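Here's the structure we're looking at; comments come further down.
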Amino acid sequence: KLINSYTNHLAVQRGTELHAFAKRCNDLHIKLPKTKQTLNMFVNDILGFGMRSEQPLFYSRNAFGTADAISFKNDTLKIFDLKTGTTPASMRQLELYAALFCLEHNIPPTEIGINLRIYQSNDITEKTADGEVIKELVNLYREYDELIESLRNGKNDI
């Protein structure tokens, strides 16, 4: 167990450092060699699309996150995520980030394009998000945020 715990800790630390390195490359506008390596593709794409890296998203103290890379231009929201582990990733996290972005900026998700990408295991998985799905997530965030706040304020008439 101790060895597995240490190995997991090292993997998490490596992922944190790779994300920090990608942000630094983006901040300094440094492209990496064009290869099929996950990190290189991620860094070069976020630079190419002029995206902001490690961007906080905030709706409320109950609903927030940090997108690895995000941009909103010409009515299109792009959210890219760098995955350094081997467990297959889900687009749900990026859909949740899209909902947070729409909430934070008061943008109806059905009126914009939403492009999501996951960079993992030397591959890119891309999806055009369904605005109706993001709208449902927006509504869930609002509903649960209101519920949590009412519980915090001692109103238990749920």
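As shown in the structure tokens, the chain order sets the letters A, B, ...; within each chain, residues go from 1, and ligands are also counted from 1 in the order they appear.
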
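Taking the backbone of this structure through DSSP, the residues of region 33-113 of chain A that come out as alpha helix (DSSP H) are Thr38, Leu39, Asn40, Met41, Phe42, Val43, Asn44, Asp45, Ile46, Leu47, Gly48, Arg92, Gln93, Leu94, Glu95, Leu96, Tyr97, Ala98, Ala99, Leu100, Phe101, Cys102, Leu103, Glu104 and His105 of chain A.
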
| query | region 63-72 of chain A: which residues within 6 Å, counting only C-alpha atoms, same-chain residues fewer than 4 positions away excluded, as a ChimeraX atom specification? | reply | /A:51-59,76-81

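When CA of His9 (chain A) is paired with CA of Phe42 (chain A), their separation reads 23.3 Å.
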